[in-house]
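Asker: Pasting a structure below so you can have a look.
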Amino acid sequence: MGTVQEVRNKQVILRDYVNGSPKESDMYTATGTIQLKVPEGCRGAVLVKNLYLSCDPYMGNRMNKGADGMEPGSPLTGYGVSKVVDSVHPDFKKGDLVWGITTWEEYSLITSPESLRKIEHTDVPLSYYTGILGMPGMTAYVGLYEICSPKQGEYVFVSAASGAVGQLVGQFAKLLGCYVVGSAGSKEKVDLLKNKFGFDEAFNYKEEPNLDAALKRYFPEGIDIYFDNVGGKMLDAVLVNMRLNGRIAVCGMISQYGLDHPEGVHNLMRLVRGQIRMEGFRVTKYYHLYHKYLDMVLPNIREGKIVYVEDIVQGLESGPAAIAGLFTGRNYGKQMVEVARE
């Protein structure tokens, strides 16, 4: 039996449970070693080399105590794109490219690889599988198509519209013939929405002292569909501007993450008066639709009908700042860490 190769393995570790939004100091990098072979007795395990790691707002919640998520002293977990180095799982072999849940390190031993999916289409950038072809893309698809069922000509509003999910929701809605407005937190992001992603209008919510007035300016006839990524005051303002039989997909509430006392929503009676359906969802429930989603999105990518903006930082040591930056609006587009080239 030959000698098993042992290599350096840099990791991003959670220092302690997080109070409020995660800061760069809540994480640190450390370096250990790992053998490039699945250990004896690890039935069904896969050893992968991580190529790209996805930075997503939900990770902040999983750093909180009692969140049934990450543990202090252990590597972060999240979505990533990886290459199989060794496998004792019948569905994966050495050399396979996969995306799914992994750990924040150069090499990961995945003992429960049920979340991993083989990457079959490599004529698009591998990094897309952390975004448009991964969890964020499926999230946009499910929230818009499955929850909100848009019709041509309807009025659609997207908050946090320049992020990994929002930029896709707007473009999908435009493909369906909807009127689309997005909100973002800077002039540069507003320009991105209008000039790159093809939104009909966009505004900087930080420059709007009255969100209700802003929405009435862009939606004088009201909103049919709201894709909510932020919650809080924006959700409250949207509720009074929804049209009869409107639909609201609640994807996330980044304005409320880490607050000791989350803000209340005061206009919920509008759901009754307007016969409005408001539904939260978790994308993991809908992964059985993944191939249906690929059939829709891949031709649009290849034909240039959908564009995707990524914000890629290099190296695991850049990871803590990249995650913290999600909560201050520092990123432009889908934030990820490039760990290694294939």
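Just remember, in the structure tokens the first chain shown is A, the second B, etc., residues are 1-based per chain, and ligands are 1-based in the order shown.
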From the DSSP assignment of the backbone, select every residue of segment 2-124 of chain A that is strand (DSSP E or B), and format the answer as an mmCIF file with C-alpha atoms, in the first residue's frame.
Answerer:
```
data_model
loop_
_atom_site.group_PDB
_atom_site.id
_atom_site.type_symbol
_atom_site.label_atom_id
_atom_site.label_comp_id
_atom_site.auth_asym_id
_atom_site.auth_seq_id
_atom_site.Cartn_x
_atom_site.Cartn_y
_atom_site.Cartn_z
ATOM 1 C CA GLU A 6 -0.616 14.688 3.658
ATOM 2 C CA VAL A 7 -0.999 18.366 2.801
ATOM 3 C CA ARG A 8 -1.480 21.729 4.471
ATOM 4 C CA ASN A 9 -5.103 22.659 5.108
ATOM 5 C CA LYS A 10 -5.911 26.316 5.795
ATOM 6 C CA GLN A 11 -9.282 26.931 7.479
ATOM 7 C CA VAL A 12 -11.588 29.805 8.465
ATOM 8 C CA ILE A 13 -12.700 29.232 12.070
ATOM 9 C CA LEU A 14 -15.593 30.761 14.011
ATOM 10 C CA MET A 27 -13.525 34.644 12.504
ATOM 11 C CA TYR A 28 -9.873 33.747 12.082
ATOM 12 C CA THR A 29 -7.707 31.584 9.847
ATOM 13 C CA ALA A 30 -5.701 28.608 11.049
ATOM 14 C CA THR A 31 -3.611 25.998 9.275
ATOM 15 C CA GLY A 32 -3.547 22.278 9.922
ATOM 16 C CA THR A 33 -2.906 19.191 7.812
ATOM 17 C CA ILE A 34 -5.116 16.608 6.142
ATOM 18 C CA GLN A 35 -4.515 13.282 4.405
ATOM 19 C CA VAL A 46 -16.220 12.209 0.061
ATOM 20 C CA LEU A 47 -12.954 14.187 0.308
ATOM 21 C CA VAL A 48 -13.000 17.388 -1.760
ATOM 22 C CA LYS A 49 -10.693 20.229 -2.729
ATOM 23 C CA ASN A 50 -12.675 23.453 -2.378
ATOM 24 C CA LEU A 51 -12.463 25.847 -5.328
ATOM 25 C CA TYR A 52 -15.058 28.544 -4.531
ATOM 26 C CA LEU A 53 -16.866 29.285 -1.272
ATOM 27 C CA SER A 54 -20.119 31.211 -1.210
ATOM 28 C CA PRO A 75 -14.586 25.797 10.381
ATOM 29 C CA THR A 77 -19.949 25.789 6.785
ATOM 30 C CA GLY A 78 -21.721 26.946 3.648
ATOM 31 C CA TYR A 79 -22.199 26.374 -0.046
ATOM 32 C CA GLY A 80 -19.231 25.874 -2.296
ATOM 33 C CA VAL A 81 -17.869 24.440 -5.527
ATOM 34 C CA SER A 82 -15.388 21.611 -5.083
ATOM 35 C CA LYS A 83 -13.455 18.865 -6.865
ATOM 36 C CA VAL A 84 -13.557 15.303 -5.548
ATOM 37 C CA VAL A 85 -10.120 14.094 -4.440
ATOM 38 C CA ASP A 86 -11.226 10.736 -3.016
ATOM 39 C CA SER A 87 -14.580 9.046 -2.532
ATOM 40 C CA LEU A 97 -16.869 18.624 -9.911
ATOM 41 C CA VAL A 98 -19.626 19.198 -7.355
ATOM 42 C CA TRP A 99 -21.531 21.974 -5.589
ATOM 43 C CA GLY A 100 -23.281 21.899 -2.234
ATOM 44 C CA ILE A 101 -22.581 22.229 1.482
ATOM 45 C CA THR A 102 -18.920 22.113 2.460
ATOM 46 C CA THR A 103 -16.630 23.541 5.128
ATOM 47 C CA GLU A 105 -11.041 25.074 4.339
ATOM 48 C CA TYR A 107 -9.826 20.421 1.729
ATOM 49 C CA SER A 108 -12.989 19.054 3.350
ATOM 50 C CA LEU A 109 -13.998 15.564 4.414
ATOM 51 C CA ILE A 110 -17.754 15.461 3.810
ATOM 52 C CA ARG A 117 -24.706 17.739 -6.735
ATOM 53 C CA LYS A 118 -22.517 16.849 -9.683
#
```
Asker: Write down as a VMD selection string the residues belonging to segment 252-307 of chain A that are assigned alpha helix (DSSP H) by DSSP computed on the backbone.
Answerer: chain A and resid 269 to 273 290 to 302
Asker: Which is closer to Gln167 of chain A than all the others in A:Asp56, A:Asp26, A:Glu310, A:Asp68, using only C-alpha atoms?
Answerer: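 Nearest to Gln167 of chain A: A:Glu310.
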Asker: Suppose you want the space between atom CA of Leu239 of chain A and atom CA of Ser21 of chain A; what is it in Å?
Answerer: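 Between atom CA of Leu239 of chain A and atom CA of Ser21 of chain A the gap works out to 26.3 Å.
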Asker: How many Å separate atom CA of Gly231 of chain A from atom CA of Pro262 of chain A?
Answerer: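 Between these atoms lies a distance of 9.9 Å.
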Asker: Would you mind telling me which residue in A:Tyr308, A:Tyr205, A:Tyr226, A:Phe219 lies nearest to Tyr128 of chain A when using only C-alpha atoms?
Answerer: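 Between A:Tyr308, A:Tyr205, A:Tyr226, A:Phe219, the residue approaching Tyr128 of chain A most closely is A:Tyr308.
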Asker: I'd like the contact shell of Ile306 of chain A - 8 Å cut-off, only C-alpha atoms, skipping same-chain residues fewer than 6 positions apart - returned as a PyMOL selection string.
Answerer: chain A and resi 168+171+197+300
Asker: Given the selection you just returned, output its residues as a file containing all heavy atoms, formatted as a PDB file, in the first residue's frame.
Answerer:
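This is the output file part08.pdb:
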```pdb
ATOM      1  N   LEU A 168     -31.133  38.443  -9.991  1.00  0.00           N
ATOM      2  CA  LEU A 168     -31.765  37.423 -10.827  1.00  0.00           C
ATOM      3  C   LEU A 168     -33.276  37.555 -10.837  1.00  0.00           C
ATOM      4  O   LEU A 168     -33.911  37.384 -11.878  1.00  0.00           O
ATOM      5  CB  LEU A 168     -31.362  36.033 -10.336  1.00  0.00           C
ATOM      6  CG  LEU A 168     -29.882  35.700 -10.520  1.00  0.00           C
ATOM      7  CD1 LEU A 168     -29.550  34.364  -9.874  1.00  0.00           C
ATOM      8  CD2 LEU A 168     -29.517  35.688 -12.000  1.00  0.00           C
ATOM      9  N   GLN A 171     -34.215  40.165 -13.352  1.00  0.00           N
ATOM     10  CA  GLN A 171     -34.020  39.750 -14.745  1.00  0.00           C
ATOM     11  C   GLN A 171     -35.025  38.681 -15.161  1.00  0.00           C
ATOM     12  O   GLN A 171     -35.525  38.694 -16.292  1.00  0.00           O
ATOM     13  CB  GLN A 171     -32.593  39.238 -14.940  1.00  0.00           C
ATOM     14  CG  GLN A 171     -31.546  40.342 -14.826  1.00  0.00           C
ATOM     15  CD  GLN A 171     -30.142  39.825 -15.071  1.00  0.00           C
ATOM     16  OE1 GLN A 171     -29.722  39.650 -16.213  1.00  0.00           O
ATOM     17  NE2 GLN A 171     -29.418  39.563 -13.984  1.00  0.00           N
ATOM     18  N   PHE A 197     -28.543  45.176 -15.401  1.00  0.00           N
ATOM     19  CA  PHE A 197     -29.543  44.124 -15.222  1.00  0.00           C
ATOM     20  C   PHE A 197     -30.875  44.427 -15.902  1.00  0.00           C
ATOM     21  O   PHE A 197     -31.755  43.566 -15.924  1.00  0.00           O
ATOM     22  CB  PHE A 197     -29.780  43.871 -13.724  1.00  0.00           C
ATOM     23  CG  PHE A 197     -28.545  43.449 -12.980  1.00  0.00           C
ATOM     24  CD1 PHE A 197     -28.273  43.963 -11.716  1.00  0.00           C
ATOM     25  CD2 PHE A 197     -27.660  42.541 -13.523  1.00  0.00           C
ATOM     26  CE1 PHE A 197     -27.136  43.577 -11.018  1.00  0.00           C
ATOM     27  CE2 PHE A 197     -26.523  42.147 -12.836  1.00  0.00           C
ATOM     28  CZ  PHE A 197     -26.254  42.663 -11.578  1.00  0.00           C
ATOM     29  N   ASN A 300     -30.777  30.931 -21.412  1.00  0.00           N
ATOM     30  CA  ASN A 300     -30.749  32.391 -21.276  1.00  0.00           C
ATOM     31  C   ASN A 300     -29.353  32.913 -20.964  1.00  0.00           C
ATOM     32  O   ASN A 300     -28.980  34.013 -21.394  1.00  0.00           O
ATOM     33  CB  ASN A 300     -31.744  32.819 -20.198  1.00  0.00           C
ATOM     34  CG  ASN A 300     -33.184  32.776 -20.673  1.00  0.00           C
ATOM     35  OD1 ASN A 300     -33.544  33.449 -21.631  1.00  0.00           O
ATOM     36  ND2 ASN A 300     -34.008  31.977 -20.008  1.00  0.00           N
TER      37      ASN A 300
END
```
Asker: Could you jot down the atom CA of Ile276 of chain A to atom CA of Gln256 of chain A separation for me, Å, one decimal place?
Answerer: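 These two atoms are separated by 22.7 Å.
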